[in-house]
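Peer 1: Just target.cif, nothing more (mmCIF, C-alpha atoms):
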```cif
data_model
#
loop_
_atom_site.label_atom_id
_atom_site.label_comp_id
_atom_site.auth_asym_id
_atom_site.auth_seq_id
_atom_site.Cartn_x
_atom_site.Cartn_y
_atom_site.Cartn_z
CA MET A 1 -82.83 -93.66 231.92
CA PHE A 2 -84.69 -96.77 233.06
CA THR A 3 -84.23 -98.65 229.79
CA PHE A 4 -80.95 -100.16 230.94
CA VAL A 5 -81.99 -100.75 234.53
CA ASN A 6 -81.51 -104.55 234.28
CA GLU A 7 -77.88 -104.00 233.29
CA LEU A 8 -76.93 -102.03 236.40
CA SER A 9 -74.07 -103.39 238.50
CA ILE A 10 -74.27 -103.61 242.29
CA TRP A 11 -72.16 -100.44 242.64
CA GLN A 12 -74.43 -98.54 240.27
CA VAL A 13 -77.46 -99.65 242.29
CA VAL A 14 -75.76 -98.47 245.51
CA SER A 15 -74.88 -95.17 243.84
CA VAL A 16 -78.47 -94.63 242.67
CA MET A 17 -79.82 -95.52 246.12
CA ILE A 18 -77.50 -93.10 247.96
CA THR A 19 -78.15 -90.30 245.43
CA PHE A 20 -81.90 -90.81 245.67
CA ALA A 21 -81.71 -90.82 249.49
CA TRP A 22 -79.69 -87.58 249.39
CA ILE A 23 -82.23 -85.83 247.14
CA VAL A 24 -85.19 -87.00 249.21
CA SER A 25 -83.49 -86.03 252.50
CA ALA A 26 -82.48 -82.59 251.16
CA VAL A 27 -85.98 -81.80 249.86
CA ASN A 28 -87.54 -82.80 253.16
CA HIS A 29 -85.04 -80.80 255.23
CA LYS A 30 -85.31 -77.65 253.09
CA TYR A 31 -89.01 -77.53 252.24
CA LEU A 32 -91.27 -79.95 254.12
CA LYS A 33 -89.39 -79.99 257.46
CA LEU A 34 -91.26 -83.14 258.51
CA PRO A 35 -89.84 -85.87 260.80
CA PRO A 36 -87.16 -87.55 258.63
CA SER A 37 -88.75 -91.01 258.40
CA PHE A 38 -92.19 -89.67 257.45
CA GLY A 39 -90.92 -86.90 255.17
CA MET A 40 -88.51 -89.10 253.21
CA THR A 41 -91.10 -91.84 252.76
CA LEU A 42 -93.71 -89.31 251.59
CA ILE A 43 -91.36 -87.71 249.04
CA ALA A 44 -90.30 -91.13 247.76
CA VAL A 45 -93.96 -92.12 247.30
CA ILE A 46 -94.69 -88.85 245.43
CA PHE A 47 -91.63 -89.47 243.27
CA VAL A 48 -92.86 -92.96 242.38
CA VAL A 49 -96.36 -91.67 241.58
CA LEU A 50 -94.82 -89.08 239.23
CA ILE A 51 -92.79 -91.80 237.51
CA GLN A 52 -95.94 -93.88 237.05
CA PHE A 53 -97.75 -90.84 235.59
CA MET A 54 -94.87 -90.05 233.25
CA ALA A 55 -94.72 -93.69 232.14
CA ASN A 56 -98.24 -93.29 230.73
CA VAL A 57 -97.42 -90.19 228.69
CA VAL A 58 -93.74 -90.68 227.80
CA PRO A 59 -92.63 -93.24 225.15
CA GLN A 60 -91.76 -96.64 226.62
CA HIS A 61 -88.20 -96.60 225.28
CA ILE A 62 -87.50 -93.59 227.54
CA ILE A 63 -89.22 -94.78 230.73
CA ASN A 64 -89.97 -98.49 230.90
CA LEU A 65 -91.89 -98.96 234.14
CA ASP A 66 -92.05 -102.73 233.71
CA LYS A 67 -88.28 -102.95 234.06
CA VAL A 68 -88.34 -100.75 237.17
CA GLU A 69 -91.01 -102.98 238.72
CA SER A 70 -89.07 -106.10 237.74
CA LEU A 71 -85.94 -104.77 239.46
CA MET A 72 -87.90 -103.94 242.65
CA ARG A 73 -89.42 -107.44 242.73
CA GLU A 74 -85.96 -108.99 242.41
CA PHE A 75 -84.65 -106.82 245.25
CA ASP A 76 -84.64 -108.85 248.49
CA PHE A 77 -85.90 -106.25 250.97
CA HIS A 78 -86.05 -108.82 253.79
CA ASP A 79 -82.42 -109.82 253.32
CA PHE A 80 -81.31 -106.19 252.89
CA LEU A 81 -82.86 -105.24 256.23
CA LEU A 82 -82.55 -108.31 258.49
CA ASN A 83 -79.21 -109.63 257.22
CA GLY A 84 -77.76 -106.31 256.09
CA ILE A 85 -78.33 -102.94 257.69
CA LEU A 86 -80.36 -103.86 260.79
CA CYS A 87 -77.35 -104.64 262.99
CA TYR A 88 -75.83 -101.22 262.22
CA LEU A 89 -79.12 -99.38 262.79
CA LEU A 90 -79.57 -100.99 266.20
CA PHE A 91 -75.91 -100.55 267.18
CA ALA A 92 -75.97 -96.88 266.13
CA THR A 93 -78.85 -96.26 268.53
CA ALA A 94 -77.40 -98.38 271.35
CA ILE A 95 -73.96 -96.77 271.33
CA LYS A 96 -75.53 -93.31 271.77
CA VAL A 97 -77.71 -94.32 274.74
CA GLN A 98 -76.54 -93.53 278.26
CA ILE A 99 -76.92 -96.59 280.47
CA SER A 100 -77.38 -94.29 283.48
CA ASP A 101 -80.62 -93.00 281.90
CA LEU A 102 -81.80 -96.55 281.19
CA LYS A 103 -80.98 -97.64 284.77
CA LYS A 104 -83.09 -94.82 286.16
CA TRP A 105 -86.15 -95.79 284.13
CA TRP A 106 -85.49 -99.47 283.57
CA LYS A 107 -88.87 -100.63 284.94
CA PRO A 108 -91.16 -98.68 282.56
CA ILE A 109 -88.76 -99.31 279.65
CA ALA A 110 -88.74 -103.06 280.35
CA ILE A 111 -92.53 -103.10 280.67
CA LEU A 112 -92.97 -101.27 277.36
CA SER A 113 -90.26 -103.13 275.46
CA PHE A 114 -90.85 -106.72 276.50
CA GLY A 115 -94.13 -107.05 278.37
CA GLY A 116 -95.79 -104.47 276.13
CA VAL A 117 -94.66 -106.15 272.91
CA PHE A 118 -95.73 -109.60 274.14
CA VAL A 119 -99.18 -108.50 275.38
CA PHE A 120 -99.71 -106.22 272.38
CA SER A 121 -98.95 -109.03 269.91
CA PHE A 122 -101.44 -111.47 271.45
CA LEU A 123 -104.08 -108.77 272.01
CA MET A 124 -103.94 -107.36 268.49
CA ALA A 125 -103.82 -110.84 266.97
CA GLY A 126 -106.97 -111.78 268.90
CA LEU A 127 -108.83 -108.59 267.96
CA LEU A 128 -107.80 -108.90 264.31
CA TYR A 129 -108.73 -112.59 264.19
CA GLY A 130 -112.19 -111.86 265.65
CA SER A 131 -112.77 -108.77 263.47
CA LEU A 132 -111.89 -110.60 260.26
CA HIS A 133 -114.31 -113.41 261.11
CA ILE A 134 -117.09 -110.84 261.35
CA PHE A 135 -116.36 -110.03 257.69
CA ASN A 136 -116.16 -113.76 256.83
CA ILE A 137 -112.38 -113.61 256.26
CA ALA A 138 -110.82 -116.83 257.58
CA LEU A 139 -107.23 -115.84 258.40
CA PRO A 140 -105.53 -118.28 260.84
CA PHE A 141 -104.58 -116.89 264.26
CA ASN A 142 -100.90 -117.74 263.58
CA TYR A 143 -100.79 -115.26 260.71
CA CYS A 144 -102.69 -112.61 262.68
CA PHE A 145 -100.03 -112.99 265.37
CA ILE A 146 -97.20 -112.63 262.83
CA LEU A 147 -98.77 -109.40 261.52
CA ALA A 148 -99.16 -108.09 265.08
CA ALA A 149 -95.49 -108.86 265.79
CA CYS A 150 -94.57 -106.96 262.60
CA LEU A 151 -96.44 -103.90 263.91
CA ALA A 152 -95.01 -104.05 267.44
CA PRO A 153 -91.71 -102.14 266.86
CA THR A 154 -91.91 -98.38 267.34
CA ASP A 155 -89.78 -95.66 265.76
CA PRO A 156 -88.26 -93.43 268.50
CA ILE A 157 -86.59 -91.19 265.90
CA SER A 158 -89.90 -89.99 264.49
CA ALA A 159 -91.55 -89.70 267.90
CA ASN A 160 -88.61 -87.75 269.33
CA ALA A 161 -88.59 -85.33 266.40
CA VAL A 162 -92.14 -84.35 267.36
CA LEU A 163 -91.50 -84.34 271.12
CA LYS A 164 -88.49 -82.02 270.79
CA LYS A 165 -90.63 -79.45 269.00
CA LEU A 166 -93.19 -79.67 271.79
CA LYS A 167 -90.45 -79.47 274.47
CA VAL A 168 -91.89 -82.25 276.61
CA ASP A 169 -90.35 -83.72 279.74
CA LYS A 170 -86.86 -85.20 279.18
CA ASN A 171 -87.80 -88.33 281.13
CA LEU A 172 -90.57 -89.09 278.63
CA GLU A 173 -88.06 -88.82 275.77
CA THR A 174 -85.75 -91.24 277.58
CA LYS A 175 -88.56 -93.77 278.01
CA LEU A 176 -89.52 -93.57 274.33
CA ILE A 177 -85.89 -93.92 273.18
CA GLY A 178 -85.30 -96.81 275.58
CA GLU A 179 -88.47 -98.53 274.43
CA GLY A 180 -87.64 -98.02 270.76
CA LEU A 181 -84.16 -99.43 271.33
CA TRP A 182 -85.36 -102.63 272.99
CA ASN A 183 -88.75 -103.27 271.43
CA ASP A 184 -87.24 -103.42 267.92
CA ALA A 185 -85.21 -106.38 269.12
CA ALA A 186 -88.03 -107.87 271.22
CA ALA A 187 -90.61 -107.63 268.42
CA LEU A 188 -88.20 -109.13 265.88
CA LEU A 189 -87.52 -111.95 268.33
CA ILE A 190 -91.26 -112.65 268.70
CA PHE A 191 -91.85 -112.31 264.94
CA LEU A 192 -89.07 -114.71 263.94
CA THR A 193 -90.10 -117.16 266.67
CA ALA A 194 -93.72 -117.13 265.48
CA LEU A 195 -92.57 -117.49 261.87
CA ASP A 196 -90.37 -120.42 262.87
CA ILE A 197 -93.31 -122.13 264.60
CA VAL A 198 -95.56 -121.63 261.56
CA THR A 199 -93.01 -122.84 258.99
CA LYS A 200 -92.05 -125.88 261.10
CA ASP A 201 -95.69 -126.66 261.83
CA VAL A 202 -95.17 -126.66 265.61
CA GLU A 203 -98.22 -126.34 267.85
CA PHE A 204 -98.79 -122.62 268.40
CA SER A 205 -99.21 -121.88 272.11
CA VAL A 206 -98.11 -119.37 274.73
CA ILE A 207 -95.85 -122.03 276.33
CA ASN A 208 -94.07 -122.90 273.06
CA VAL A 209 -93.54 -119.25 272.18
CA SER A 210 -92.32 -118.43 275.71
CA LEU A 211 -89.80 -121.30 275.83
CA MET A 212 -88.31 -120.38 272.47
CA LEU A 213 -88.16 -116.70 273.48
CA VAL A 214 -86.34 -117.45 276.75
CA TYR A 215 -83.72 -119.56 274.94
CA GLU A 216 -83.11 -116.95 272.25
CA LEU A 217 -83.14 -114.04 274.71
CA VAL A 218 -80.71 -115.44 277.30
CA GLY A 219 -78.30 -116.73 274.68
CA ALA A 220 -78.38 -113.43 272.76
CA VAL A 221 -77.63 -111.41 275.89
CA PHE A 222 -74.62 -113.64 276.64
CA VAL A 223 -73.22 -113.39 273.09
CA GLY A 224 -73.77 -109.62 272.91
CA PHE A 225 -72.14 -109.06 276.30
CA LEU A 226 -69.13 -111.21 275.37
CA ILE A 227 -68.55 -109.52 271.99
CA GLY A 228 -69.09 -106.08 273.56
CA ILE A 229 -66.50 -106.80 276.30
CA ILE A 230 -63.96 -108.00 273.71
CA CYS A 231 -64.51 -104.90 271.56
CA ARG A 232 -64.30 -102.59 274.57
CA TRP A 233 -61.06 -104.26 275.73
CA SER A 234 -59.51 -104.06 272.24
CA ILE A 235 -60.16 -100.32 271.75
CA ARG A 236 -58.95 -99.21 275.19
CA SER A 237 -55.35 -99.05 274.01
CA LEU A 238 -56.12 -97.45 270.62
CA ASP A 239 -55.76 -93.75 269.88
CA ASP A 240 -56.41 -93.96 266.13
CA PHE A 241 -60.00 -93.04 265.23
CA THR A 242 -60.10 -95.17 262.07
CA SER A 243 -59.17 -98.33 263.99
CA ILE A 244 -61.71 -97.53 266.71
CA ALA A 245 -64.51 -96.92 264.19
CA LEU A 246 -63.70 -100.18 262.37
CA ALA A 247 -63.69 -102.06 265.68
CA THR A 248 -67.21 -100.82 266.51
CA LEU A 249 -68.43 -101.69 263.01
CA SER A 250 -67.03 -105.19 263.45
CA CYS A 251 -68.65 -105.44 266.88
CA ALA A 252 -72.07 -104.58 265.42
CA SER A 253 -71.90 -107.16 262.63
CA LEU A 254 -70.15 -109.93 264.58
CA SER A 255 -72.55 -109.84 267.53
CA TYR A 256 -75.51 -110.11 265.12
CA TRP A 257 -73.96 -112.80 262.92
CA ILE A 258 -72.70 -115.06 265.73
CA ALA A 259 -76.02 -114.90 267.61
CA SER A 260 -77.99 -115.64 264.45
CA SER A 261 -75.69 -118.57 263.63
CA PHE A 262 -76.74 -120.22 266.92
CA HIS A 263 -80.42 -119.41 266.27
CA LEU A 264 -80.39 -116.70 268.94
CA SER A 265 -81.74 -113.17 268.62
CA GLY A 266 -79.27 -111.16 266.55
CA PRO A 267 -81.02 -107.82 267.26
CA ILE A 268 -80.88 -108.25 271.05
CA SER A 269 -77.26 -109.40 270.86
CA THR A 270 -76.32 -106.28 268.88
CA VAL A 271 -78.16 -103.95 271.27
CA VAL A 272 -76.40 -105.50 274.29
CA ALA A 273 -73.01 -105.24 272.56
CA GLY A 274 -73.65 -101.56 271.75
CA LEU A 275 -74.63 -100.76 275.33
CA VAL A 276 -71.54 -102.53 276.70
CA VAL A 277 -69.24 -100.59 274.35
CA SER A 278 -70.93 -97.27 275.14
CA TYR A 279 -70.73 -97.65 278.94
CA LYS A 280 -68.65 -94.73 280.31
CA LEU A 281 -66.91 -94.38 276.96
CA SER A 282 -65.77 -90.86 277.88
CA GLU A 283 -63.47 -92.38 280.51
CA ILE A 284 -61.61 -94.32 277.80
CA PHE A 285 -61.23 -91.69 275.05
CA ASN A 286 -60.57 -87.99 274.99
CA ASN A 287 -63.31 -85.60 273.88
CA HIS A 288 -61.88 -85.34 270.36
CA ILE A 289 -62.16 -89.08 269.59
CA GLN A 290 -65.48 -89.36 271.44
CA GLU A 291 -66.95 -86.56 269.33
CA HIS A 292 -65.67 -88.12 266.10
CA LEU A 293 -67.09 -91.52 267.03
CA ASP A 294 -70.49 -89.99 267.83
CA LYS A 295 -70.50 -88.12 264.50
CA PHE A 296 -69.43 -91.26 262.63
CA TRP A 297 -72.33 -93.34 263.96
CA GLU A 298 -74.76 -90.45 263.61
CA PHE A 299 -73.84 -90.12 259.93
CA PHE A 300 -73.98 -93.90 259.40
CA ASP A 301 -77.40 -94.02 261.06
CA GLU A 302 -78.75 -91.14 258.96
CA LEU A 303 -77.38 -92.68 255.73
CA LEU A 304 -78.96 -96.07 256.39
CA ASN A 305 -82.26 -94.57 257.54
CA ALA A 306 -82.44 -92.29 254.50
CA SER A 307 -81.78 -95.22 252.16
CA LEU A 308 -84.24 -97.41 254.03
CA PHE A 309 -87.14 -94.96 253.96
CA ALA A 310 -86.45 -94.01 250.36
CA LEU A 311 -86.66 -97.70 249.46
CA ILE A 312 -89.89 -98.04 251.43
CA GLY A 313 -91.38 -95.26 249.31
CA ILE A 314 -90.21 -96.92 246.09
CA GLU A 315 -91.71 -100.25 247.22
CA VAL A 316 -95.16 -98.63 246.81
CA ILE A 317 -94.82 -99.32 243.08
CA LEU A 318 -95.34 -103.04 243.82
CA ILE A 319 -98.62 -102.62 245.74
CA GLN A 320 -101.84 -103.36 243.88
CA PHE A 321 -104.31 -101.07 245.65
CA SER A 322 -107.99 -101.97 246.03
CA PHE A 323 -110.84 -100.85 248.28
CA SER A 324 -110.69 -104.11 250.24
CA ILE A 325 -106.94 -103.80 250.90
CA VAL A 326 -107.29 -100.17 251.98
CA GLY A 327 -110.25 -101.08 254.20
CA LEU A 328 -108.33 -103.91 255.87
CA GLY A 329 -105.35 -101.58 256.31
CA VAL A 330 -107.54 -99.01 258.09
CA LEU A 331 -108.98 -101.76 260.31
CA ALA A 332 -105.50 -103.03 261.20
CA PHE A 333 -104.36 -99.47 261.96
CA ILE A 334 -107.27 -98.89 264.35
CA LEU A 335 -106.76 -102.23 266.10
CA MET A 336 -103.02 -101.60 266.34
CA ASN A 337 -103.44 -98.31 268.22
CA LEU A 338 -106.26 -99.67 270.36
CA SER A 339 -104.20 -102.73 271.29
CA ARG A 340 -101.18 -100.64 272.23
CA TYR A 341 -103.29 -98.37 274.43
CA ILE A 342 -105.06 -101.28 276.17
CA SER A 343 -101.81 -103.22 276.72
CA ASN A 344 -100.11 -100.16 278.23
CA ARG A 345 -103.12 -99.51 280.48
CA LEU A 346 -103.11 -103.11 281.70
CA LEU A 347 -99.37 -103.32 282.30
CA PHE A 348 -99.07 -99.98 284.09
CA TYR A 349 -102.24 -100.39 286.16
CA PRO A 350 -100.32 -101.53 289.31
CA MET A 351 -98.14 -98.38 289.02
CA ARG A 352 -101.03 -96.00 288.23
CA LYS A 353 -100.47 -93.80 291.32
CA ASN A 354 -96.92 -92.95 290.21
CA ILE A 355 -97.77 -92.18 286.58
CA VAL A 356 -98.09 -88.58 285.39
CA ASN A 357 -101.50 -87.79 283.89
CA GLY A 358 -101.46 -88.13 280.11
CA SER A 359 -98.16 -90.02 279.88
CA ILE A 360 -99.86 -93.34 279.00
CA GLU A 361 -101.73 -91.63 276.17
CA ILE A 362 -98.56 -89.96 274.83
CA VAL A 363 -96.56 -93.19 274.99
CA SER A 364 -99.41 -95.12 273.34
CA TRP A 365 -100.16 -92.70 270.50
CA GLY A 366 -96.45 -91.83 270.21
CA GLY A 367 -95.66 -95.40 269.19
CA ILE A 368 -95.05 -94.46 265.55
CA ARG A 369 -94.13 -97.38 263.30
CA GLY A 370 -90.94 -97.25 261.24
CA GLY A 371 -88.75 -99.21 258.89
CA ILE A 372 -88.50 -102.34 261.04
CA SER A 373 -92.25 -102.92 260.74
CA VAL A 374 -92.13 -102.54 256.96
#
```
Could you render the structure as structure tokens?
Peer 2:
Amino acid sequence: MFTFVNELSIWQVVSVMITFAWIVSAVNHKYLKLPPSFGMTLIAVIFVVLIQFMANVVPQHIINLDKVESLMREFDFHDFLLNGILCYLLFATAIKVQISDLKKWWKPIAILSFGGVFVFSFLMAGLLYGSLHIFNIALPFNYCFILAACLAPTDPISANAVLKKLKVDKNLETKLIGEGLWNDAAALLIFLTALDIVTKDVEFSVINVSLMLVYELVGAVFVGFLIGIICRWSIRSLDDFTSIALATLSCASLSYWIASSFHLSGPISTVVAGLVVSYKLSEIFNNHIQEHLDKFWEFFDELLNASLFALIGIEVILIQFSFSIVGLGVLAFILMNLSRYISNRLLFYPMRKNIVNGSIEIVSWGGIRGGISV
């Protein structure tokens, strides 16, 4: 079936991707019952390993693994995520969040999402830079910082799936969801800023990074708020669900595209637009339309996440494993968790008397990484 893989049209590729995501999602839901992101990635990896095994025992004209690998290398994962589905993933989460919950816990959420990401990135970059020098690996600090920024976003979907089974405090769930919503955007902002500094050969410093972040952040908030207000105003008079759903889809993509066109943070712009649209939405629509809109974005979110994590599993076929790479991966994993714990401890130290015992540990170790990091 893979012999003609290079001849597939874009619609055939989309069809294969959706079908594969459906199979992976169904197997996980029926048999493994793991958190969706982890379960779907694991099944996709197992599927790829089986294909690689079969390629060694089945004639090449039936399964040609070289063509599969060639197709995966030609696939622009960066463009697919950053310039494709990311705006819809962020908007789908934002439109389901109640601003009243965020207002109640805005201080810890802001600390985790912005301060936490900033401190974590510099802390992990420093620890990684120093650790690698012990092993005589000369990786510039700039690149250590870029890797740290890649690992800063957390995946609230996976964390919440575990927390719901444990029946933990609802306030803790709200903080994790709020953090996941904002730190995706904050970490991407820091990552792209750092990447911009490296590629343009600008002097890397806290001041340069901070100035660029402030410009991109303030501008993105303004654009997202403006697009969100326009979308909210346009759907107030509508009673047709199709038109309303299309308006929200347009809001998600426009807020991201316009902000990015002015070199602002597209992710933050999209999150702000989603929150503006979602504010007291029940006062605008009846329960019937509200329920349909929630289901629409829930389905869209699940479809994109399933496709994303299935693709992440398939991407394993491109990795050339070695003991050194695995060892460095383990080192980075340890430093990542240690950095998150230390940064949370430092940032919440002034509020230590008002923090429930164990909550720092749960928030730190509950910072599961997802598709944005990959």
Peer 1: Hey, what's within 9 Å of Phe262 of chain A if we count all atoms listed in the file and toss same-chain stuff fewer than 4 positions away? As a CSV table (one decimal) with C-alpha atoms, keeping the file's coordinate frame, please?
Peer 2:
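What ended up in out29.csv:
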```csv
chain,number,residue,atom,x,y,z
A,216,GLU,CA,-83.1,-117.0,272.2
A,219,GLY,CA,-78.3,-116.7,274.7
A,257,TRP,CA,-74.0,-112.8,262.9
A,258,ILE,CA,-72.7,-115.1,265.7
```
Peer 1: Which distance in Å separates atom CA of Gly116 of chain A and atom CA of Leu147 of chain A, to one decimal?
Peer 2: 15.7 Å
Peer 1: Determine the nearest neighbour of Ser282 of chain A from the options A:Lys96, A:Leu311, A:Phe118, A:Thr199, counting all atoms listed in the file.
Peer 2: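 So, comparing all the options, the nearest one is A:Lys96.
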Peer 1: So the first atom is atom CA of Asn344 of chain A and the second is atom CA of Phe114 of chain A; what is the distance between them in Å, to one decimal place?
Peer 2: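 Going from atom CA of Asn344 of chain A over to atom CA of Phe114 of chain A, I get 11.5 Å.
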Peer 1: Quote the spacing between atom CA of Phe120 of chain A and atom CA of Ala332 of chain A in Å to one decimal place.
Peer 2: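 Taking atom CA of Phe120 of chain A as the start and atom CA of Ala332 of chain A as the end point, the length is 13.0 Å.
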Peer 1: Quick one: apply the PyMOL selection byres ((chain A and resi 217) around 10) to the file and drop the selected residues here as number ranges by chain.
Peer 2: A: 185-186, 189, 211-216, 218-222, 264-269
Peer 1: What does the PyMOL selection byres ((chain A and resi 336) around 9) select in this file, as a ChimeraX atom specification?
Peer 2: /A:120,124,128,148,151-152,331-335,337-341
Peer 1: Generate the output file for the selected residues, C-alpha atoms, as a short mmCIF file (atom, residue, chain, number, x, y, z; two decimals), keeping the file's coordinate frame.
Peer 2:
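See out.cif below for the written result:
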```cif
data_model
loop_
_atom_site.label_atom_id
_atom_site.label_comp_id
_atom_site.auth_asym_id
_atom_site.auth_seq_id
_atom_site.Cartn_x
_atom_site.Cartn_y
_atom_site.Cartn_z
CA PHE A 120 -99.71 -106.22 272.38
CA MET A 124 -103.94 -107.36 268.49
CA LEU A 128 -107.80 -108.90 264.31
CA ALA A 148 -99.16 -108.09 265.08
CA LEU A 151 -96.44 -103.90 263.91
CA ALA A 152 -95.01 -104.05 267.44
CA LEU A 331 -108.98 -101.76 260.31
CA ALA A 332 -105.50 -103.03 261.20
CA PHE A 333 -104.36 -99.47 261.96
CA ILE A 334 -107.27 -98.89 264.35
CA LEU A 335 -106.76 -102.23 266.10
CA ASN A 337 -103.44 -98.31 268.22
CA LEU A 338 -106.26 -99.67 270.36
CA SER A 339 -104.20 -102.73 271.29
CA ARG A 340 -101.18 -100.64 272.23
CA TYR A 341 -103.29 -98.37 274.43
#
```
Peer 1: Run through the PyMOL selection byres ((chain A and resi 302) around 12) on the given coordinates and return the selected residues as a count of residues only.
Peer 2: 28
Peer 1: Counting all atoms listed in the file, figure out which residue out of A:Ile197, A:Ile284, A:Ala245, A:Ile190 gets nearest to Val119 of chain A.
Peer 2: A:Ile190
Peer 1: Please identify all polymer residues lying at most 10 Å from the point (-77.0, -106.5, 270.1) (file coordinates), using all atoms listed in the file, and present the result as a PDB file with C-alpha atoms, keeping the file's coordinate frame.
Peer 2:
```pdb
ATOM      1  CA  CYS A  87     -77.350-104.640 262.990  1.00  0.00           C
ATOM      2  CA  TYR A  88     -75.830-101.220 262.220  1.00  0.00           C
ATOM      3  CA  LEU A  90     -79.570-100.990 266.200  1.00  0.00           C
ATOM      4  CA  PHE A  91     -75.910-100.550 267.180  1.00  0.00           C
ATOM      5  CA  ALA A  94     -77.400 -98.380 271.350  1.00  0.00           C
ATOM      6  CA  TRP A 182     -85.360-102.630 272.990  1.00  0.00           C
ATOM      7  CA  ALA A 185     -85.210-106.380 269.120  1.00  0.00           C
ATOM      8  CA  ALA A 220     -78.380-113.430 272.760  1.00  0.00           C
ATOM      9  CA  VAL A 221     -77.630-111.410 275.890  1.00  0.00           C
ATOM     10  CA  PHE A 222     -74.620-113.640 276.640  1.00  0.00           C
ATOM     11  CA  VAL A 223     -73.220-113.390 273.090  1.00  0.00           C
ATOM     12  CA  GLY A 224     -73.770-109.620 272.910  1.00  0.00           C
ATOM     13  CA  PHE A 225     -72.140-109.060 276.300  1.00  0.00           C
ATOM     14  CA  ILE A 227     -68.550-109.520 271.990  1.00  0.00           C
ATOM     15  CA  GLY A 228     -69.090-106.080 273.560  1.00  0.00           C
ATOM     16  CA  CYS A 251     -68.650-105.440 266.880  1.00  0.00           C
ATOM     17  CA  ALA A 252     -72.070-104.580 265.420  1.00  0.00           C
ATOM     18  CA  SER A 253     -71.900-107.160 262.630  1.00  0.00           C
ATOM     19  CA  LEU A 254     -70.150-109.930 264.580  1.00  0.00           C
ATOM     20  CA  SER A 255     -72.550-109.840 267.530  1.00  0.00           C
ATOM     21  CA  TYR A 256     -75.510-110.110 265.120  1.00  0.00           C
ATOM     22  CA  ALA A 259     -76.020-114.900 267.610  1.00  0.00           C
ATOM     23  CA  SER A 265     -81.740-113.170 268.620  1.00  0.00           C
ATOM     24  CA  GLY A 266     -79.270-111.160 266.550  1.00  0.00           C
ATOM     25  CA  PRO A 267     -81.020-107.820 267.260  1.00  0.00           C
ATOM     26  CA  ILE A 268     -80.880-108.250 271.050  1.00  0.00           C
ATOM     27  CA  SER A 269     -77.260-109.400 270.860  1.00  0.00           C
ATOM     28  CA  THR A 270     -76.320-106.280 268.880  1.00  0.00           C
ATOM     29  CA  VAL A 271     -78.160-103.950 271.270  1.00  0.00           C
ATOM     30  CA  VAL A 272     -76.400-105.500 274.290  1.00  0.00           C
ATOM     31  CA  ALA A 273     -73.010-105.240 272.560  1.00  0.00           C
ATOM     32  CA  GLY A 274     -73.650-101.560 271.750  1.00  0.00           C
ATOM     33  CA  LEU A 275     -74.630-100.760 275.330  1.00  0.00           C
ATOM     34  CA  VAL A 276     -71.540-102.530 276.700  1.00  0.00           C
TER      35      VAL A 276
END
```
Peer 1: For each of A:Leu176, A:Val45, A:Leu346, A:Val330, take the minimum atom-to-atom distance to Trp365 of chain A, counting only C-alpha atoms, then give the residue where this is smallest.
Peer 2: A:Leu176
Peer 1: Which is closer to Leu188 of chain A than all the others in A:Gln98, A:Thr19, A:Ser343, A:Ser113, using all atoms listed in the file?
Peer 2: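 Smallest distance to Leu188 of chain A is found for A:Ser113.
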Peer 1: Enclose all atoms of segment 241-257 of chain A listed in the file in an axis-aligned box, grow every side by 6 Å, and hand back centre and edge lengths in Å to one decimal, as JSON.
Peer 2:
```
{"center_x": -67.3, "center_y": -102.9, "center_z": 264.8, "size_x": 28.3, "size_y": 31.8, "size_z": 17.5}
```
Peer 1: Pick the closest to Ile111 of chain A from A:His78, A:His263, A:His29, A:Leu347: which is it, counting all atoms listed in the file?
Peer 2: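 The answer is A:Leu347, which sits nearest to Ile111 of chain A.
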Peer 1: Of the candidates A:Ile312, A:Gly39, A:Leu328, A:Ser322, which one gets nearest to Leu81 of chain A if we count all atoms listed in the file?
Peer 2: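 Of the candidates, the smallest distance to Leu81 of chain A is held by A:Ile312.
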